[in-house]
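Below is the file target02.txt, which contains compact mmCIF, C-alpha atoms.
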```
# COMPACT_ATOMS: atom_id res chain seq x y z
CA MET L 965 -67.30 -25.26 74.61
CA SER L 966 -70.21 -26.21 76.82
CA VAL L 967 -72.95 -28.38 75.37
CA ASP L 968 -75.31 -25.54 76.32
CA THR L 969 -73.49 -23.00 74.14
CA PRO L 970 -75.44 -22.22 70.95
CA LEU L 971 -73.61 -23.29 67.80
CA PRO L 972 -72.90 -20.67 65.12
CA ALA L 973 -75.34 -22.25 62.66
CA ASP L 974 -78.15 -22.05 65.21
CA ILE L 975 -77.39 -18.41 65.99
CA ALA L 976 -77.22 -17.60 62.26
CA GLY L 977 -80.63 -19.17 61.71
CA ASP L 978 -82.11 -16.81 64.27
CA LEU L 979 -80.30 -13.69 63.05
CA SER L 980 -81.21 -14.39 59.41
CA ARG L 981 -84.88 -13.88 60.21
CA ARG L 982 -84.13 -10.17 60.50
CA VAL L 983 -81.12 -9.70 58.24
CA VAL L 984 -81.61 -10.29 54.52
CA GLY L 985 -78.95 -10.97 51.90
CA GLN L 986 -75.89 -10.82 54.17
CA GLU L 987 -74.97 -14.46 54.75
CA GLU L 988 -71.23 -13.85 55.18
CA ALA L 989 -71.70 -11.12 57.78
CA VAL L 990 -74.28 -13.20 59.65
CA ARG L 991 -71.94 -16.21 59.68
CA GLU L 992 -68.96 -14.19 60.95
CA ILE L 993 -70.95 -12.53 63.72
CA SER L 994 -72.54 -15.85 64.68
CA ILE L 995 -69.14 -17.51 65.05
CA ALA L 996 -67.83 -14.64 67.18
CA LEU L 997 -70.96 -14.64 69.34
CA SER L 998 -70.84 -18.41 69.87
CA LYS L 999 -67.24 -18.18 71.05
CA ARG L 1000 -68.14 -15.26 73.32
CA LEU L 1001 -71.03 -17.16 74.90
CA ALA L 1002 -68.65 -20.07 75.51
CA GLY L 1003 -66.33 -17.74 77.44
CA LEU L 1004 -63.60 -17.92 74.79
CA ARG L 1005 -61.58 -15.10 73.29
CA THR L 1006 -62.53 -14.19 69.76
CA GLY L 1007 -61.22 -11.79 67.15
CA ASN L 1008 -62.80 -8.41 66.54
CA VAL L 1009 -64.89 -7.84 63.41
CA LEU L 1010 -64.98 -4.90 60.99
CA MET L 1011 -68.01 -4.65 58.67
CA VAL L 1012 -67.84 -2.56 55.50
CA GLY L 1013 -71.04 -1.90 53.59
CA SER L 1014 -73.14 0.81 52.00
CA SER L 1015 -75.77 2.60 54.05
CA GLY L 1016 -78.89 0.51 54.53
CA THR L 1017 -77.31 -2.89 53.85
CA GLY L 1018 -77.99 -4.17 57.36
CA LYS L 1019 -74.97 -3.49 59.58
CA THR L 1020 -76.92 -1.87 62.41
CA THR L 1021 -79.87 -4.21 61.83
CA LEU L 1022 -77.56 -7.19 62.33
CA MET L 1023 -76.33 -5.93 65.69
CA ARG L 1024 -79.88 -5.10 66.78
CA ALA L 1025 -80.74 -8.68 65.91
CA VAL L 1026 -77.86 -9.85 68.14
CA GLU L 1027 -79.20 -7.62 70.91
CA GLU L 1028 -82.67 -9.13 70.57
CA TYR L 1029 -81.24 -12.63 70.39
CA LEU L 1030 -79.41 -12.17 73.69
CA GLY L 1031 -82.36 -10.45 75.34
CA ALA L 1032 -84.77 -13.24 74.46
CA ASP L 1033 -82.94 -15.81 76.59
CA GLU L 1034 -82.12 -15.08 80.23
CA ASP L 1035 -79.30 -17.65 80.30
CA LEU L 1036 -77.63 -16.07 77.26
CA ALA L 1037 -78.11 -12.56 78.60
CA GLU L 1038 -76.15 -13.52 81.72
CA LYS L 1039 -73.13 -14.53 79.65
CA THR L 1040 -72.58 -11.24 77.82
CA LEU L 1041 -73.97 -7.78 77.20
CA LEU L 1042 -73.92 -5.45 74.23
CA ILE L 1043 -73.72 -1.69 73.84
CA ARG L 1044 -74.00 0.36 70.68
CA VAL L 1045 -72.16 3.67 70.28
CA HIS L 1046 -71.88 6.07 67.37
CA ALA L 1047 -68.32 6.80 66.32
CA ASN L 1048 -68.96 10.57 66.27
CA VAL L 1049 -69.90 10.44 69.95
CA LEU L 1050 -66.71 8.54 70.67
CA ALA L 1051 -64.71 11.17 68.78
CA GLU L 1052 -66.22 13.96 70.89
CA VAL L 1053 -65.32 12.39 74.23
CA ALA L 1054 -61.96 11.14 72.95
CA GLU L 1055 -60.88 14.77 72.47
CA GLU L 1056 -61.17 15.09 76.25
CA GLY L 1057 -59.11 11.92 76.71
CA ARG L 1058 -62.11 9.98 78.06
CA GLY L 1059 -63.05 7.70 75.15
CA GLY L 1060 -62.09 4.41 76.75
CA GLU L 1061 -63.52 5.38 80.12
CA ILE L 1062 -66.85 6.38 78.55
CA LEU L 1063 -67.17 3.00 76.85
CA LEU L 1064 -66.47 1.16 80.09
CA ARG L 1065 -69.01 3.35 81.88
CA ARG L 1066 -71.59 2.57 79.17
CA LEU L 1067 -70.92 -1.15 79.64
CA LEU L 1068 -71.25 -0.82 83.40
CA ASP L 1069 -74.50 1.12 83.06
CA GLN L 1070 -75.86 -1.60 80.78
CA ALA L 1071 -74.88 -4.28 83.30
CA ILE L 1072 -76.60 -2.33 86.09
CA GLN L 1073 -79.71 -1.95 83.94
CA GLU L 1074 -79.86 -5.70 83.41
CA VAL L 1075 -79.07 -7.00 86.91
CA GLY L 1076 -79.12 -4.02 89.29
CA THR L 1077 -76.58 -2.75 91.81
CA ASP L 1078 -77.45 -5.42 94.39
CA THR L 1079 -75.21 -7.78 92.40
CA GLY L 1080 -72.09 -6.02 93.71
CA ILE L 1081 -69.42 -4.10 91.87
CA ASP L 1082 -67.02 -7.03 91.47
CA ASP L 1083 -69.65 -9.19 89.79
CA LEU L 1084 -70.76 -6.24 87.65
CA LEU L 1085 -67.20 -5.64 86.45
CA GLU L 1086 -66.86 -9.33 85.63
CA ARG L 1087 -69.99 -9.00 83.52
CA VAL L 1088 -68.58 -5.88 81.85
CA GLY L 1089 -65.47 -7.83 80.93
CA LYS L 1090 -67.61 -10.15 78.79
CA GLY L 1091 -69.15 -7.26 76.88
CA ILE L 1092 -69.58 -6.62 73.17
CA VAL L 1093 -68.96 -3.07 71.93
CA PHE L 1094 -70.58 -2.17 68.62
CA VAL L 1095 -69.17 1.04 67.11
CA ASP L 1096 -71.39 2.28 64.28
CA GLU L 1097 -70.15 4.50 61.43
CA VAL L 1098 -66.54 3.85 62.37
CA ASP L 1099 -65.48 5.39 59.05
CA LYS L 1100 -66.36 8.77 60.60
CA ILE L 1101 -63.24 8.53 62.80
CA ARG L 1102 -60.79 8.21 59.92
CA ALA L 1103 -57.35 9.53 60.82
CA SER L 1104 -57.12 11.68 57.71
CA VAL L 1105 -59.44 13.33 55.22
CA GLY L 1106 -57.66 13.84 51.93
CA ASP L 1107 -54.19 15.08 52.75
CA ARG L 1108 -55.16 16.60 56.09
CA PRO L 1109 -55.03 14.85 59.49
CA ASN L 1110 -58.34 14.43 61.33
CA VAL L 1111 -57.33 14.90 64.96
CA PRO L 1112 -60.67 13.82 66.54
CA GLY L 1113 -60.58 10.66 64.43
CA ILE L 1114 -57.01 9.89 65.45
CA ARG L 1115 -57.85 10.26 69.13
CA ALA L 1116 -60.99 8.16 68.78
CA GLN L 1117 -59.05 5.32 67.16
CA GLU L 1118 -56.42 5.60 69.89
CA SER L 1119 -59.08 5.41 72.62
CA LEU L 1120 -60.48 2.23 71.08
CA LEU L 1121 -56.98 0.79 70.81
CA THR L 1122 -56.47 1.44 74.51
CA LEU L 1123 -59.30 -0.96 75.27
CA ILE L 1124 -58.61 -3.44 72.49
CA GLU L 1125 -54.96 -4.12 73.21
CA ASN L 1126 -54.61 -3.59 76.96
CA GLU L 1127 -55.35 -6.00 79.79
CA ALA L 1128 -55.00 -3.42 82.56
CA ILE L 1129 -57.09 -0.23 82.23
CA PRO L 1130 -57.50 2.25 85.11
CA PHE L 1131 -61.24 2.75 85.63
CA THR L 1132 -62.87 5.16 88.08
CA LEU L 1133 -65.94 3.64 89.69
CA PRO L 1134 -69.23 5.56 89.95
CA GLU L 1135 -70.18 7.39 93.13
CA TRP L 1136 -72.44 4.64 94.47
CA ALA L 1137 -69.48 2.22 94.28
CA GLY L 1138 -67.14 4.54 96.19
CA ARG L 1139 -65.47 6.41 93.29
CA GLY L 1140 -62.30 4.42 93.74
CA THR L 1141 -60.05 3.48 90.84
CA VAL L 1142 -59.70 -0.16 89.86
CA THR L 1143 -57.63 -1.93 87.23
CA PHE L 1144 -59.94 -3.39 84.62
CA ASP L 1145 -59.01 -6.31 82.36
CA ALA L 1146 -60.32 -5.38 78.89
CA SER L 1147 -58.72 -8.31 77.08
CA HIS L 1148 -61.98 -10.25 76.71
CA LEU L 1149 -64.08 -7.45 75.23
CA LEU L 1150 -65.35 -8.08 71.71
CA PHE L 1151 -65.41 -5.13 69.31
CA VAL L 1152 -67.60 -5.05 66.22
CA CYS L 1153 -67.12 -1.91 64.13
CA ALA L 1154 -69.08 -0.99 61.03
CA GLY L 1155 -69.15 1.77 58.46
CA ALA L 1156 -70.31 2.69 54.97
CA PHE L 1157 -66.84 3.95 53.99
CA GLU L 1158 -68.29 6.30 51.39
CA GLY L 1159 -65.88 6.80 48.51
CA LEU L 1160 -63.92 3.61 49.17
CA TYR L 1161 -65.49 1.86 46.15
CA ASP L 1162 -64.40 4.67 43.83
CA GLU L 1163 -60.92 4.85 45.34
CA VAL L 1164 -60.29 1.13 44.83
CA TYR L 1165 -61.78 1.24 41.33
CA ASP L 1166 -59.45 4.10 40.42
CA ARG L 1167 -56.48 2.20 41.82
CA VAL L 1168 -57.01 -0.81 39.55
CA THR L 1169 -58.03 1.14 36.44
CA VAL L 1170 -56.08 4.41 36.30
CA GLY L 1171 -53.92 4.36 39.46
CA LYS L 1172 -50.84 2.50 40.62
CA ASP L 1173 -52.34 -0.89 39.68
CA ARG L 1174 -53.56 0.29 36.30
CA GLY L 1175 -54.30 -2.64 34.02
CA ALA L 1176 -54.91 -5.12 36.85
CA LEU L 1177 -58.64 -5.14 36.09
CA GLN L 1178 -59.08 -6.90 32.76
CA GLY L 1179 -62.10 -6.31 30.56
CA LEU L 1180 -64.48 -8.95 29.26
CA SER L 1181 -65.99 -9.35 25.82
CA VAL L 1182 -69.76 -9.75 26.20
CA MET L 1183 -72.29 -10.62 23.49
CA SER L 1184 -75.47 -8.56 23.76
CA GLU L 1185 -78.20 -8.18 21.14
CA GLY L 1186 -75.98 -9.67 18.47
CA GLU L 1187 -73.07 -7.32 19.16
CA VAL L 1188 -69.84 -7.74 21.11
CA HIS L 1189 -69.26 -5.21 23.87
CA HIS L 1190 -66.16 -4.68 26.00
CA GLU L 1191 -67.00 -4.38 29.70
CA LEU L 1192 -65.11 -3.84 32.95
CA ARG L 1193 -66.75 -5.77 35.76
CA PHE L 1194 -65.50 -4.52 39.10
CA SER L 1195 -66.19 -6.05 42.52
CA LEU L 1196 -64.95 -4.32 45.66
CA ARG L 1197 -64.94 -7.69 47.41
CA GLU L 1198 -62.39 -9.01 44.91
CA TRP L 1199 -60.05 -6.02 44.83
CA LEU L 1200 -60.15 -4.51 48.36
CA ARG L 1201 -56.80 -4.64 50.18
CA TYR L 1202 -55.85 -3.62 53.71
CA GLU L 1203 -53.76 -0.85 52.14
CA ASP L 1204 -56.95 0.70 50.74
CA LEU L 1205 -58.36 0.98 54.26
CA PHE L 1206 -55.05 2.50 55.43
CA ASP L 1207 -55.27 5.08 52.65
CA TYR L 1208 -58.88 5.77 53.61
CA GLY L 1209 -57.76 6.78 57.09
CA MET L 1210 -57.90 3.68 59.29
CA THR L 1211 -54.49 3.44 60.97
CA PRO L 1212 -52.50 0.20 60.59
CA GLN L 1213 -52.37 -0.18 64.39
CA PHE L 1214 -56.16 0.05 64.60
CA LEU L 1215 -56.96 -2.14 61.61
CA SER L 1216 -54.54 -4.88 62.69
CA ARG L 1217 -56.71 -5.52 65.75
CA PHE L 1218 -59.52 -6.92 63.59
CA ASP L 1219 -59.30 -10.58 62.67
CA ALA L 1220 -62.12 -10.36 60.13
CA VAL L 1221 -63.03 -7.65 57.62
CA VAL L 1222 -66.46 -8.46 56.18
CA LEU L 1223 -67.90 -6.76 53.10
CA LEU L 1224 -71.67 -6.56 53.04
CA ASN L 1225 -73.46 -7.04 49.73
CA ASP L 1226 -75.44 -4.31 48.03
CA LEU L 1227 -79.09 -5.36 48.15
CA GLY L 1228 -80.64 -6.74 44.98
CA GLU L 1229 -84.25 -6.54 43.88
CA GLN L 1230 -85.33 -9.77 45.58
CA GLU L 1231 -83.64 -8.83 48.86
CA LEU L 1232 -85.48 -5.49 48.79
CA VAL L 1233 -88.79 -7.29 48.19
CA ASP L 1234 -88.11 -9.60 51.13
CA ILE L 1235 -87.22 -6.67 53.41
CA PHE L 1236 -90.32 -4.74 52.33
CA LEU L 1237 -92.63 -7.66 53.08
CA ASN L 1238 -90.97 -9.27 56.09
CA SER L 1239 -88.87 -6.77 58.04
CA PRO L 1240 -90.66 -5.48 61.17
CA GLU L 1241 -89.01 -2.12 60.49
CA SER L 1242 -90.42 -1.92 56.95
CA GLY L 1243 -92.44 1.16 56.08
CA TYR L 1244 -95.11 -1.22 54.80
CA HIS L 1245 -95.66 -2.75 58.24
CA GLN L 1246 -95.66 0.67 59.87
CA ALA L 1247 -98.33 1.84 57.42
CA ARG L 1248 -100.40 -1.29 58.01
CA GLU L 1249 -100.43 -0.57 61.73
CA PHE L 1250 -101.72 2.94 61.04
CA PHE L 1251 -104.52 1.75 58.77
CA GLU L 1252 -105.48 -1.07 61.14
CA ALA L 1253 -105.84 1.52 63.92
CA ILE L 1254 -108.60 3.23 61.89
CA GLY L 1255 -110.27 0.02 60.74
CA ILE L 1256 -108.70 -0.40 57.29
CA ASP L 1257 -106.77 -3.40 56.01
CA LEU L 1258 -103.87 -2.31 53.77
CA ALA L 1259 -102.71 -4.67 51.02
CA VAL L 1260 -100.07 -4.20 48.31
CA SER L 1261 -100.11 -6.40 45.22
CA PRO L 1262 -97.03 -8.42 44.22
CA ALA L 1263 -96.61 -6.29 41.08
CA ALA L 1264 -96.73 -3.11 43.16
CA VAL L 1265 -94.19 -4.47 45.65
CA ARG L 1266 -91.85 -5.41 42.81
CA ARG L 1267 -92.16 -1.92 41.28
CA ILE L 1268 -91.33 -0.31 44.64
CA ALA L 1269 -88.26 -2.56 44.96
CA VAL L 1270 -87.11 -1.69 41.43
CA GLU L 1271 -87.40 2.03 42.18
CA ALA L 1272 -85.52 1.65 45.49
CA GLY L 1273 -82.82 -0.37 43.71
CA LYS L 1274 -81.95 2.67 41.62
CA ARG L 1275 -80.29 4.09 44.74
CA PRO L 1276 -77.99 1.25 45.83
CA ARG L 1277 -76.02 3.49 48.19
CA LEU L 1278 -79.17 3.85 50.34
CA GLY L 1279 -79.93 0.12 50.52
CA ALA L 1280 -83.08 -0.71 52.44
CA ARG L 1281 -83.52 2.93 53.47
CA ALA L 1282 -84.55 3.70 49.88
CA LEU L 1283 -87.57 1.42 50.34
CA LYS L 1284 -89.02 3.67 53.02
CA GLU L 1285 -88.54 6.79 50.92
CA VAL L 1286 -90.13 5.23 47.83
CA PHE L 1287 -93.06 3.72 49.72
CA ARG L 1288 -93.62 7.00 51.54
CA ARG L 1289 -94.18 8.68 48.16
CA VAL L 1290 -96.74 5.99 47.33
CA VAL L 1291 -98.70 5.83 50.58
CA ARG L 1292 -98.69 9.39 51.94
CA ASP L 1293 -101.83 10.61 50.09
CA PHE L 1294 -103.74 7.50 51.14
CA GLU L 1295 -102.71 8.07 54.75
CA PHE L 1296 -103.90 11.68 54.56
CA SER L 1297 -107.38 10.67 53.32
CA PRO L 1298 -107.58 6.98 54.22
CA HIS L 1299 -111.30 6.37 53.78
CA GLU L 1300 -111.60 7.89 50.30
CA SER L 1301 -109.85 4.98 48.56
CA ALA L 1302 -110.80 2.12 50.85
CA ASN L 1303 -113.49 -0.30 49.73
CA ASP L 1304 -115.36 -2.28 52.41
CA GLY L 1305 -112.51 -1.65 54.85
CA ILE L 1306 -109.78 -2.74 52.42
CA LEU L 1307 -107.24 -0.49 50.71
CA MET L 1308 -105.53 -2.28 47.83
CA LEU L 1309 -102.49 -0.64 46.26
CA ASP L 1310 -101.79 -2.09 42.82
CA LEU L 1311 -99.32 -1.20 40.09
CA PRO L 1312 -101.33 1.76 38.69
CA GLU L 1313 -101.44 3.47 42.11
CA VAL L 1314 -97.69 3.01 42.50
CA GLU L 1315 -96.91 4.28 38.99
CA THR L 1316 -99.13 7.32 39.50
CA ALA L 1317 -97.39 8.22 42.77
CA LEU L 1318 -93.87 7.71 41.42
CA ASN L 1319 -94.52 9.71 38.24
CA ARG L 1320 -95.78 12.81 40.02
```
Now, as a test, write the supplied structure out as structure tokens.
Amino acid sequence: MSVDTPLPADIAGDLSRRVVGQEEAVREISIALSKRLAGLRTGNVLMVGSSGTGKTTLMRAVEEYLGADEDLAEKTLLIRVHANVLAEVAEEGRGGEILLRRLLDQAIQEVGTDTGIDDLLERVGKGIVFVDEVDKIRASVGDRPNVPGIRAQESLLTLIENEAIPFTLPEWAGRGTVTFDASHLLFVCAGAFEGLYDEVYDRVTVGKDRGALQGLSVMSEGEVHHELRFSLREWLRYEDLFDYGMTPQFLSRFDAVVLLNDLGEQELVDIFLNSPESGYHQAREFFEAIGIDLAVSPAAVRRIAVEAGKRPRLGARALKEVFRRVVRDFEFSPHESANDGILMLDLPEVETALNR
């Protein structure tokens, strides 16, 4: 590695400013990105986590990290694609070609066509492809095959495992067909995998591995209770992902499978206060535009986080929904509750809004 290549710990420090509570995922992506920036091959990464836990936010942070430094931006480029879009074009047999075209378009956007097609294709070969909601292209749903999902996985495999891909150039480059080396592309796929938690839990409690999950005796309020404490991180196996509908051929191309943590109360507080995408910061911008300073007390913030935490499957997205219920009436009539240009939302205002 070059002495100019950022080390994983340095990259992680930058990404962690936007991504809360997902140290393992940040570390894995930082290692992969450091290797990529050094021009080395690196294994593909699959992220599994509930909606709103930060999968897309993490890759947006990578995008911003690369875009903030011209030298880094020259070493790689990143595209994001939704798996459902990939499934649609894969049915026409064009999934791999569409991804390469997206990479080429991104390269052109960054450096222009004056660079020349050969240099552009070299840049494309260093690309990172982020496929969001990859669980939507499962090969089967229940006992029935999902043909679009099968074809989408196959189109990704074509790029992941082949070093020689026929690629038709755009019109401005002569529309000729070249052989593209896809062996250095890095794929990061992510999905919520709804239902996977329940499927694994059933396997170790009532299914083929019944009895594997042992209960614990816990003392609470002077009484002994028998509890089953289940962690998907501890019990997830590759076979569970096969059963879910990710084909063995597809899954075997990922060196790392990273489980994202469900967000706890403190992580939700941190996201509410510090994330630039927080509904709180969006509301503050609105009130500032009309001359009002919005403030939320620590007790009110904590109550909003507690309410959002009741919907763990929504993660940070629940924060926006809860805060919207709190702030919408104040946004409708902003000057009625403001005092000397300040609108303070305390616990009573939050409780009143949430109990309506």
Query raised in the report: Of the residues L:Leu1224, L:Val1314, L:Leu1085, L:Ile1092, which is the one nearest to Arg1005 in chain L, using only C-alpha atoms?
Result: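 Counting only C-alpha atoms, the residue closest to Arg1005 in chain L is L:Ile1092.
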**Report entry** range 1061-1064 of chain L environment, 12 Å, all atoms listed in the file, sequence neighbours closer than 4 positions dropped, as a PyMOL selection string
**Finding:** chain L and resi 1042-1047+1049-1057+1068-1071+1084-1095+1116+1119-1120+1122-1124+1129-1134+1141-1146+1149+1151
Query raised in the report: Do you know which residues are at most 9 Å from range 1209-1219 of chain L counting only C-alpha atoms, after dropping those on the same chain fewer than 5 positions away, and could you put them as a ChimeraX atom specification?
Result: /L:1006-1010,1099,1101-1106,1109-1110,1113-1114,1117-1118,1120-1121,1124-1125,1151-1152,1202-1204
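One finds CA of Lys1274 in chain L at 20.2 Å from CA of Tyr1165 in chain L.
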**Report entry** Nearest candidate to Leu1283 in chain L (options L:Gly1305, L:Ile1072, L:Thr1017, L:Asp1078; using all atoms listed in the file)
**Finding:**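 With all atoms listed in the file as the atom set, the closest residue is L:Thr1017.
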Query raised in the report: To one decimal place, how far is CA of Glu1163 in chain L from CA of Leu1177 in chain L in Å?
Result: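 Distance between the two atoms: 13.8 Å.
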Hey, can you pull every residue with an atom no more than 9 Å from (-104.3, 2.7, 51.9), using all atoms listed in the file, and send it as a short mmCIF file (atom, residue, chain, number, x, y, z; two decimals) with C-alpha atoms, in the coordinates of the input?
```
data_model
loop_
_atom_site.label_atom_id
_atom_site.label_comp_id
_atom_site.auth_asym_id
_atom_site.auth_seq_id
_atom_site.Cartn_x
_atom_site.Cartn_y
_atom_site.Cartn_z
CA ALA L 1247 -98.33 1.84 57.42
CA ARG L 1248 -100.40 -1.29 58.01
CA PHE L 1251 -104.52 1.75 58.77
CA ILE L 1256 -108.70 -0.40 57.29
CA ASP L 1257 -106.77 -3.40 56.01
CA LEU L 1258 -103.87 -2.31 53.77
CA ALA L 1259 -102.71 -4.67 51.02
CA VAL L 1260 -100.07 -4.20 48.31
CA VAL L 1291 -98.70 5.83 50.58
CA ARG L 1292 -98.69 9.39 51.94
CA ASP L 1293 -101.83 10.61 50.09
CA PHE L 1294 -103.74 7.50 51.14
CA GLU L 1295 -102.71 8.07 54.75
CA SER L 1297 -107.38 10.67 53.32
CA PRO L 1298 -107.58 6.98 54.22
CA HIS L 1299 -111.30 6.37 53.78
CA SER L 1301 -109.85 4.98 48.56
CA ALA L 1302 -110.80 2.12 50.85
CA ILE L 1306 -109.78 -2.74 52.42
CA LEU L 1307 -107.24 -0.49 50.71
CA MET L 1308 -105.53 -2.28 47.83
CA LEU L 1309 -102.49 -0.64 46.26
#
```
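A straight line drawn from CA of Val1164 in chain L to CA of Arg991 in chain L is 25.6 Å long.
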Requested in this report: Just the residues within 8 Å of Tyr1029 in chain L, please, counting all atoms listed in the file, with nothing from its chain fewer than 4 positions along; format it as number ranges by chain.
Outcome: L: 978-979, 1025, 1033
Serialized selection, C-alpha atoms, as an mmCIF file, in the frame of the given file:
```cif
data_model
loop_
_atom_site.group_PDB
_atom_site.id
_atom_site.type_symbol
_atom_site.label_atom_id
_atom_site.label_comp_id
_atom_site.auth_asym_id
_atom_site.auth_seq_id
_atom_site.Cartn_x
_atom_site.Cartn_y
_atom_site.Cartn_z
ATOM 1 C CA ASP L 978 -82.110 -16.810 64.270
ATOM 2 C CA LEU L 979 -80.300 -13.690 63.050
ATOM 3 C CA ALA L 1025 -80.740 -8.680 65.910
ATOM 4 C CA ASP L 1033 -82.940 -15.810 76.590
#
```
Query raised in the report: Which of these residues is nearest to Leu1196 in chain L, using all atoms listed in the file: L:Met1011, L:Val1270, L:Leu1160, L:Ala1220?
Result: L:Leu1160
I need every residue sitting at most 12 Å from the point (-56.0, -3.8, 38.5) (coordinates as in the file, all atoms listed in the file considered), written as an mmCIF file with C-alpha atoms, keeping the file's coordinate frame.
```cif
data_model
loop_
_atom_site.group_PDB
_atom_site.id
_atom_site.type_symbol
_atom_site.label_atom_id
_atom_site.label_comp_id
_atom_site.auth_asym_id
_atom_site.auth_seq_id
_atom_site.Cartn_x
_atom_site.Cartn_y
_atom_site.Cartn_z
ATOM 1 C CA VAL L 1164 -60.290 1.130 44.830
ATOM 2 C CA TYR L 1165 -61.780 1.240 41.330
ATOM 3 C CA ASP L 1166 -59.450 4.100 40.420
ATOM 4 C CA ARG L 1167 -56.480 2.200 41.820
ATOM 5 C CA VAL L 1168 -57.010 -0.810 39.550
ATOM 6 C CA THR L 1169 -58.030 1.140 36.440
ATOM 7 C CA VAL L 1170 -56.080 4.410 36.300
ATOM 8 C CA GLY L 1171 -53.920 4.360 39.460
ATOM 9 C CA LYS L 1172 -50.840 2.500 40.620
ATOM 10 C CA ASP L 1173 -52.340 -0.890 39.680
ATOM 11 C CA ARG L 1174 -53.560 0.290 36.300
ATOM 12 C CA GLY L 1175 -54.300 -2.640 34.020
ATOM 13 C CA ALA L 1176 -54.910 -5.120 36.850
ATOM 14 C CA LEU L 1177 -58.640 -5.140 36.090
ATOM 15 C CA GLN L 1178 -59.080 -6.900 32.760
ATOM 16 C CA GLY L 1179 -62.100 -6.310 30.560
ATOM 17 C CA LEU L 1192 -65.110 -3.840 32.950
ATOM 18 C CA ARG L 1193 -66.750 -5.770 35.760
ATOM 19 C CA PHE L 1194 -65.500 -4.520 39.100
ATOM 20 C CA SER L 1195 -66.190 -6.050 42.520
ATOM 21 C CA LEU L 1196 -64.950 -4.320 45.660
ATOM 22 C CA GLU L 1198 -62.390 -9.010 44.910
ATOM 23 C CA TRP L 1199 -60.050 -6.020 44.830
ATOM 24 C CA LEU L 1200 -60.150 -4.510 48.360
ATOM 25 C CA ARG L 1201 -56.800 -4.640 50.180
#
```
Pick out the residues sitting within 10 Å of Ser1261 in chain L, and hand them over as a short mmCIF file (atom, residue, chain, number, x, y, z; two decimals) with C-alpha atoms, keeping the file's coordinate frame; count only C-alpha atoms, and ignore anything fewer than 4 positions along from it in its own chain.
```cif
data_model
loop_
_atom_site.label_atom_id
_atom_site.label_comp_id
_atom_site.auth_asym_id
_atom_site.auth_seq_id
_atom_site.Cartn_x
_atom_site.Cartn_y
_atom_site.Cartn_z
CA VAL L 1265 -94.19 -4.47 45.65
CA ARG L 1266 -91.85 -5.41 42.81
CA ARG L 1267 -92.16 -1.92 41.28
CA MET L 1308 -105.53 -2.28 47.83
CA LEU L 1309 -102.49 -0.64 46.26
CA ASP L 1310 -101.79 -2.09 42.82
CA LEU L 1311 -99.32 -1.20 40.09
#
```
Query - Option closest in space to Val1012 in chain L, from L:Asp1226, L:Glu1271, L:Glu1313, L:Glu1034 [counting all atoms listed in the file] - result: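 Residue with the minimum atom-to-atom distance to Val1012 in chain L: L:Asp1226.
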